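Trainee: start-v1.csv is reproduced in full below (CSV, C-alpha atoms).
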chain,number,residue,atom,x,y,z
A,1,MET,CA,120.6,-150.3,-164.7
A,2,ALA,CA,117.6,-148.2,-163.7
A,3,ALA,CA,118.5,-145.6,-166.4
A,4,ALA,CA,118.4,-148.3,-169.1
A,5,SER,CA,114.6,-148.3,-168.8
A,6,LEU,CA,114.6,-144.8,-170.3
A,7,PHE,CA,115.4,-146.3,-173.7
A,8,HIS,CA,113.4,-148.4,-176.1
A,9,PHE,CA,115.7,-149.7,-178.8
A,10,THR,CA,113.0,-151.0,-181.2
A,11,THR,CA,111.8,-147.6,-182.3
A,12,CYS,CA,113.1,-145.0,-184.8
A,13,ARG,CA,111.8,-142.1,-182.8
A,14,PRO,CA,114.3,-139.8,-181.1
A,15,LEU,CA,114.7,-139.9,-177.4
A,16,SER,CA,112.8,-137.1,-175.7
A,17,HIS,CA,114.6,-134.1,-174.4
A,18,SER,CA,111.9,-133.1,-171.8
A,19,TYR,CA,113.6,-134.1,-168.5
A,20,ASN,CA,112.0,-134.0,-165.1
A,21,ASN,CA,115.2,-133.5,-163.2
A,22,THR,CA,119.0,-133.2,-163.4
A,23,ARG,CA,119.5,-136.8,-162.4
A,24,GLN,CA,117.6,-138.0,-165.5
A,25,LYS,CA,119.7,-135.7,-167.6
A,26,GLN,CA,122.9,-137.2,-166.2
A,27,HIS,CA,121.7,-140.8,-166.8
A,28,LEU,CA,120.7,-139.9,-170.3
A,29,THR,CA,124.1,-138.3,-171.0
A,30,LYS,CA,125.9,-141.3,-169.7
A,31,LEU,CA,123.8,-143.7,-171.8
A,32,GLN,CA,124.2,-141.5,-174.9
A,33,GLN,CA,128.0,-141.8,-174.5
A,34,LEU,CA,127.7,-145.6,-174.3
A,35,ILE,CA,125.5,-145.8,-177.4
A,36,THR,CA,127.6,-145.9,-180.6
A,37,ILE,CA,125.8,-144.7,-183.7
A,38,ARG,CA,128.0,-145.6,-186.6
A,39,GLY,CA,129.3,-142.7,-188.7
A,40,ARG,CA,128.2,-141.2,-192.0
A,41,GLY,CA,125.3,-139.3,-190.4
A,42,ARG,CA,123.3,-142.3,-189.6
A,43,GLY,CA,120.5,-142.4,-187.0
A,44,CYS,CA,117.4,-142.0,-189.3
A,45,GLY,CA,118.6,-138.7,-190.5
A,46,ARG,CA,118.2,-137.0,-187.2
A,47,ASP,CA,120.7,-134.4,-185.9
A,48,ARG,CA,122.7,-136.3,-183.4
A,49,ARG,CA,123.3,-133.2,-181.3
A,50,ARG,CA,119.6,-133.0,-180.6
A,51,SER,CA,118.5,-136.6,-180.5
A,52,VAL,CA,119.6,-140.2,-180.6
A,53,ALA,CA,117.7,-142.6,-182.7
A,54,VAL,CA,118.3,-146.3,-182.4
A,55,GLY,CA,117.0,-149.3,-184.3
A,56,CYS,CA,115.7,-147.8,-187.6
A,57,SER,CA,114.7,-150.1,-190.4
A,58,TYR,CA,113.3,-149.5,-193.8
A,59,LYS,CA,111.3,-151.5,-196.4
A,60,VAL,CA,113.5,-152.1,-199.4
A,61,VAL,CA,112.0,-153.6,-202.5
A,62,ILE,CA,114.7,-155.2,-204.7
A,63,GLU,CA,114.0,-156.2,-208.3
A,64,HIS,CA,116.5,-158.9,-209.4
A,65,GLN,CA,116.2,-161.2,-212.4
A,66,GLY,CA,112.5,-160.5,-212.9
A,67,GLN,CA,111.6,-161.3,-209.3
A,68,VAL,CA,110.5,-158.7,-206.7
A,69,THR,CA,111.5,-159.2,-203.1
A,70,GLU,CA,110.7,-157.1,-200.1
A,71,LEU,CA,113.3,-156.8,-197.4
A,72,GLU,CA,113.4,-155.1,-194.0
A,73,VAL,CA,116.8,-153.5,-193.9
A,74,GLU,CA,118.3,-151.9,-190.8
A,75,ASP,CA,119.9,-148.4,-191.3
A,76,ASP,CA,123.3,-149.8,-190.3
A,77,GLU,CA,123.3,-152.7,-192.8
A,78,THR,CA,123.8,-152.7,-196.5
A,79,ILE,CA,121.1,-153.7,-198.9
A,80,LEU,CA,123.5,-156.4,-200.3
A,81,SER,CA,124.1,-158.0,-196.9
A,82,LYS,CA,120.3,-158.3,-196.3
A,83,ALA,CA,119.7,-159.6,-199.8
A,84,LEU,CA,122.3,-162.3,-199.3
A,85,ASP,CA,120.9,-163.2,-195.9
A,86,ARG,CA,117.6,-163.7,-197.6
A,87,GLY,CA,119.1,-166.1,-200.1
A,88,LEU,CA,119.0,-163.8,-203.2
A,89,SER,CA,121.8,-164.5,-205.7
A,90,VAL,CA,122.7,-160.9,-206.2
A,91,PRO,CA,126.1,-160.5,-208.0
A,92,HIS,CA,128.8,-159.3,-205.7
A,93,ASP,CA,132.5,-159.6,-205.2
A,94,CYS,CA,134.5,-157.2,-202.9
A,95,LYS,CA,131.7,-156.0,-200.6
A,96,LEU,CA,133.7,-152.7,-200.3
A,97,GLY,CA,132.1,-150.5,-202.9
A,98,VAL,CA,135.1,-150.7,-205.2
A,99,CYS,CA,134.7,-153.5,-207.8
A,100,MET,CA,131.3,-152.4,-209.1
A,101,THR,CA,130.0,-155.9,-209.4
A,102,CYS,CA,126.7,-155.2,-207.5
A,103,PRO,CA,125.2,-152.2,-209.4
A,104,ALA,CA,121.6,-151.1,-209.1
A,105,LYS,CA,119.3,-148.4,-210.2
A,106,LEU,CA,117.6,-146.6,-207.3
A,107,ILE,CA,114.0,-146.3,-208.5
A,108,SER,CA,112.7,-144.5,-205.4
A,109,GLY,CA,113.9,-143.6,-202.0
A,110,ALA,CA,117.3,-142.6,-200.6
A,111,VAL,CA,120.5,-144.5,-199.7
A,112,ASP,CA,123.7,-143.4,-198.1
A,113,GLN,CA,126.5,-144.8,-200.3
A,114,SER,CA,129.3,-142.5,-199.1
A,115,GLU,CA,131.6,-145.5,-198.5
A,116,GLY,CA,131.4,-146.6,-202.2
A,117,MET,CA,133.5,-145.4,-205.1
A,118,LEU,CA,130.8,-144.2,-207.4
A,119,SER,CA,131.4,-140.7,-208.8
A,120,ASP,CA,128.9,-138.1,-207.5
A,121,ASP,CA,127.6,-137.6,-211.1
A,122,VAL,CA,126.6,-141.3,-211.4
A,123,ALA,CA,125.1,-141.5,-207.9
A,124,ASP,CA,123.1,-138.3,-208.6
A,125,LYS,CA,121.6,-140.1,-211.6
A,126,GLY,CA,120.2,-142.7,-209.2
A,127,TYR,CA,122.8,-145.5,-209.5
A,128,ALA,CA,124.1,-147.3,-206.5
A,129,LEU,CA,126.4,-150.1,-205.4
A,130,LEU,CA,124.3,-152.4,-203.2
A,131,CYS,CA,127.4,-153.4,-201.0
A,132,ALA,CA,127.8,-149.7,-200.0
A,133,SER,CA,124.1,-148.7,-199.9
A,134,TYR,CA,122.6,-148.1,-196.5
A,135,PRO,CA,118.9,-147.2,-196.7
A,136,ARG,CA,117.8,-143.8,-195.5
A,137,SER,CA,114.1,-144.3,-196.4
A,138,ASP,CA,111.9,-146.9,-197.8
A,139,CYS,CA,113.3,-147.6,-201.3
A,140,TRP,CA,113.0,-149.6,-204.5
A,141,VAL,CA,116.1,-150.8,-206.3
A,142,ARG,CA,116.6,-152.7,-209.5
A,143,THR,CA,119.8,-154.7,-210.2
A,144,ILE,CA,121.4,-153.8,-213.5
A,145,PRO,CA,124.2,-155.3,-215.6
A,146,GLU,CA,127.7,-154.3,-214.4
A,147,GLU,CA,128.5,-153.0,-217.9
A,148,GLU,CA,125.8,-150.4,-217.7
A,149,LEU,CA,127.3,-148.8,-214.6
A,150,LEU,CA,130.9,-149.2,-215.8
A,151,SER,CA,130.1,-147.2,-219.0
A,152,LEU,CA,128.6,-144.4,-217.0
A,153,GLN,CA,131.4,-144.4,-214.5
A,154,LEU,CA,134.0,-144.3,-217.2
A,155,ALA,CA,132.2,-141.6,-219.1
A,156,THR,CA,132.3,-139.3,-216.1
A,157,ALA,CA,136.0,-140.1,-215.5
A,158,ASN,CA,136.7,-138.8,-219.1
A,159,ASP,CA,134.8,-135.5,-218.4
Can the structure from this file be put into structure tokens for me?

Mentor:
Amino acid sequence: MAAASLFHFTTCRPLSHSYNNTRQKQHLTKLQQLITIRGRGRGCGRDRRRSVAVGCSYKVVIEHQGQVTELEVEDDETILSKALDRGLSVPHDCKLGVCMTCPAKLISGAVDQSEGMLSDDVADKGYALLCASYPRSDCWVRTIPEEELLSLQLATAND
């Protein structure tokens, strides 16, 4: 348990790699093996071979039905799940990134939506599915009608 005091799980900063002795390195290595950082390159964008980052959260502003709401979203939770937790009535269905019922336009910032089924062309234009969008920076998103996203997705399928 003494080694656990080396970690502070409330920060987004990487753990330091300046060790005083071999014993500290061994403890850190064991703890790093115990910490599971979910896939898709998460961990505040840090290279996991060099550092481990735990507990990152970002400010996400969501515009929905004329209302603007600010959310604090952890890097391992979707924008949709946090919006629903806060009581927003954001349209959704499958929560798997397949049905395209929770579309949004990314006004600013970055999200990881590698779990979703949007084509790269549509995602590159700044569109996202909130159920598959994990924040990678502070961001601003605006919900849009499902039809707007479907027309873009179908247009790229025909190309």

Trainee: Counting all atoms listed in the file, which of A:Leu154, A:Ile62, A:Leu118, A:Ala110 gets nearest to Ala83 in chain A?

Mentor: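 Of all the options, A:Ile62 lies closest to Ala83 in chain A.
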
Trainee: Report the distance between CA of Tyr134 in chain A and CA of Val90 in chain A in Å, rounded to one decimal place.

Mentor: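 Going from CA of Tyr134 in chain A over to CA of Val90 in chain A, I get 16.1 Å.
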
Trainee: When you draw a straight line from CA of Pro145 in chain A to CA of Lys59 in chain A, how long is it in Å?

Mentor: 23.4 Å

Trainee: What is the distance, in Å and to one decimal place, between CA of Glu146 in chain A and CA of Val73 in chain A?

Mentor: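 A separation of 23.2 Å between them.
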
Trainee: Using all atoms listed in the file, which residue out of A:Lys82, A:Lys105, A:Arg142, A:Lys125 lies closest to Ser57 in chain A?

Mentor: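 For Ser57 in chain A, the nearest of the candidates is A:Lys82.
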
Trainee: Can you tell me, as an MDAnalysis selection string, what residues are no more than 9 Å from Cys102 in chain A when counting all atoms listed in the file, ignoring any on the same chain fewer than 2 positions away?

Mentor: chainID A and resid 80 90:93 95 97 99:100 104 128:131 143:146

Trainee: Check the smallest atom-to-atom distance from each of A:Leu88, A:Val141, A:Ala155, A:Val61 to Pro103 in chain A using only C-alpha atoms, then report the winner.

Mentor: A:Val141

Trainee: Return range 96-121 of chain A, completed with N, CA and C atoms, as a compact mmCIF listing (two decimals), in the frame of the given file.

Mentor:
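The result, stored in result13.txt:
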# COMPACT_ATOMS: atom_id res chain seq x y z
N LEU A 96 133.06 -153.96 -200.77
CA LEU A 96 133.70 -152.70 -200.30
C LEU A 96 133.32 -151.49 -201.07
N GLY A 97 132.50 -151.65 -202.10
CA GLY A 97 132.10 -150.50 -202.90
C GLY A 97 133.18 -150.10 -203.93
N VAL A 98 134.04 -151.04 -204.31
CA VAL A 98 135.10 -150.70 -205.20
C VAL A 98 135.01 -151.42 -206.56
N CYS A 99 134.64 -152.69 -206.57
CA CYS A 99 134.70 -153.50 -207.80
C CYS A 99 133.56 -153.26 -208.77
N MET A 100 132.47 -152.68 -208.32
CA MET A 100 131.30 -152.40 -209.10
C MET A 100 130.58 -153.60 -209.68
N THR A 101 130.63 -154.70 -208.94
CA THR A 101 130.00 -155.90 -209.40
C THR A 101 128.52 -156.00 -208.92
N CYS A 102 128.10 -155.14 -208.00
CA CYS A 102 126.70 -155.20 -207.50
C CYS A 102 125.94 -153.93 -207.76
N PRO A 103 125.89 -153.50 -209.03
CA PRO A 103 125.20 -152.20 -209.40
C PRO A 103 123.71 -152.35 -209.34
N ALA A 104 123.09 -151.21 -209.07
CA ALA A 104 121.60 -151.10 -209.10
C ALA A 104 121.20 -149.74 -209.45
N LYS A 105 119.97 -149.64 -209.90
CA LYS A 105 119.30 -148.40 -210.20
C LYS A 105 118.35 -148.10 -209.06
N LEU A 106 118.48 -146.96 -208.42
CA LEU A 106 117.60 -146.60 -207.30
C LEU A 106 116.32 -145.98 -207.99
N ILE A 107 115.22 -146.72 -207.93
CA ILE A 107 114.00 -146.30 -208.50
C ILE A 107 113.28 -145.25 -207.68
N SER A 108 113.28 -145.48 -206.36
CA SER A 108 112.70 -144.50 -205.40
C SER A 108 113.39 -144.65 -204.09
N GLY A 109 113.32 -143.60 -203.29
CA GLY A 109 113.90 -143.60 -202.00
C GLY A 109 115.29 -143.03 -201.93
N ALA A 110 115.95 -143.23 -200.80
CA ALA A 110 117.30 -142.60 -200.60
C ALA A 110 118.19 -143.65 -199.90
N VAL A 111 119.46 -143.65 -200.31
CA VAL A 111 120.50 -144.50 -199.70
C VAL A 111 121.70 -143.63 -199.38
N ASP A 112 122.44 -144.04 -198.36
CA ASP A 112 123.70 -143.40 -198.10
C ASP A 112 124.76 -144.40 -198.69
N GLN A 113 125.50 -143.92 -199.67
CA GLN A 113 126.50 -144.80 -200.30
C GLN A 113 127.87 -144.03 -200.26
N SER A 114 128.09 -143.29 -199.20
CA SER A 114 129.30 -142.50 -199.10
C SER A 114 130.56 -143.37 -198.96
N GLU A 115 130.41 -144.64 -198.62
CA GLU A 115 131.60 -145.50 -198.50
C GLU A 115 131.97 -146.10 -199.88
N GLY A 116 131.09 -146.00 -200.87
CA GLY A 116 131.40 -146.60 -202.20
C GLY A 116 132.21 -145.64 -203.05
N MET A 117 132.65 -146.16 -204.18
CA MET A 117 133.50 -145.40 -205.10
C MET A 117 132.86 -144.85 -206.31
N LEU A 118 131.53 -144.78 -206.30
CA LEU A 118 130.80 -144.20 -207.40
C LEU A 118 131.10 -142.68 -207.48
N SER A 119 131.22 -142.14 -208.68
CA SER A 119 131.40 -140.70 -208.80
C SER A 119 130.04 -140.04 -208.40
N ASP A 120 130.11 -138.82 -207.95
CA ASP A 120 128.90 -138.10 -207.50
C ASP A 120 127.93 -137.96 -208.70
N ASP A 121 128.44 -137.75 -209.91
CA ASP A 121 127.60 -137.60 -211.10
C ASP A 121 126.73 -138.87 -211.30
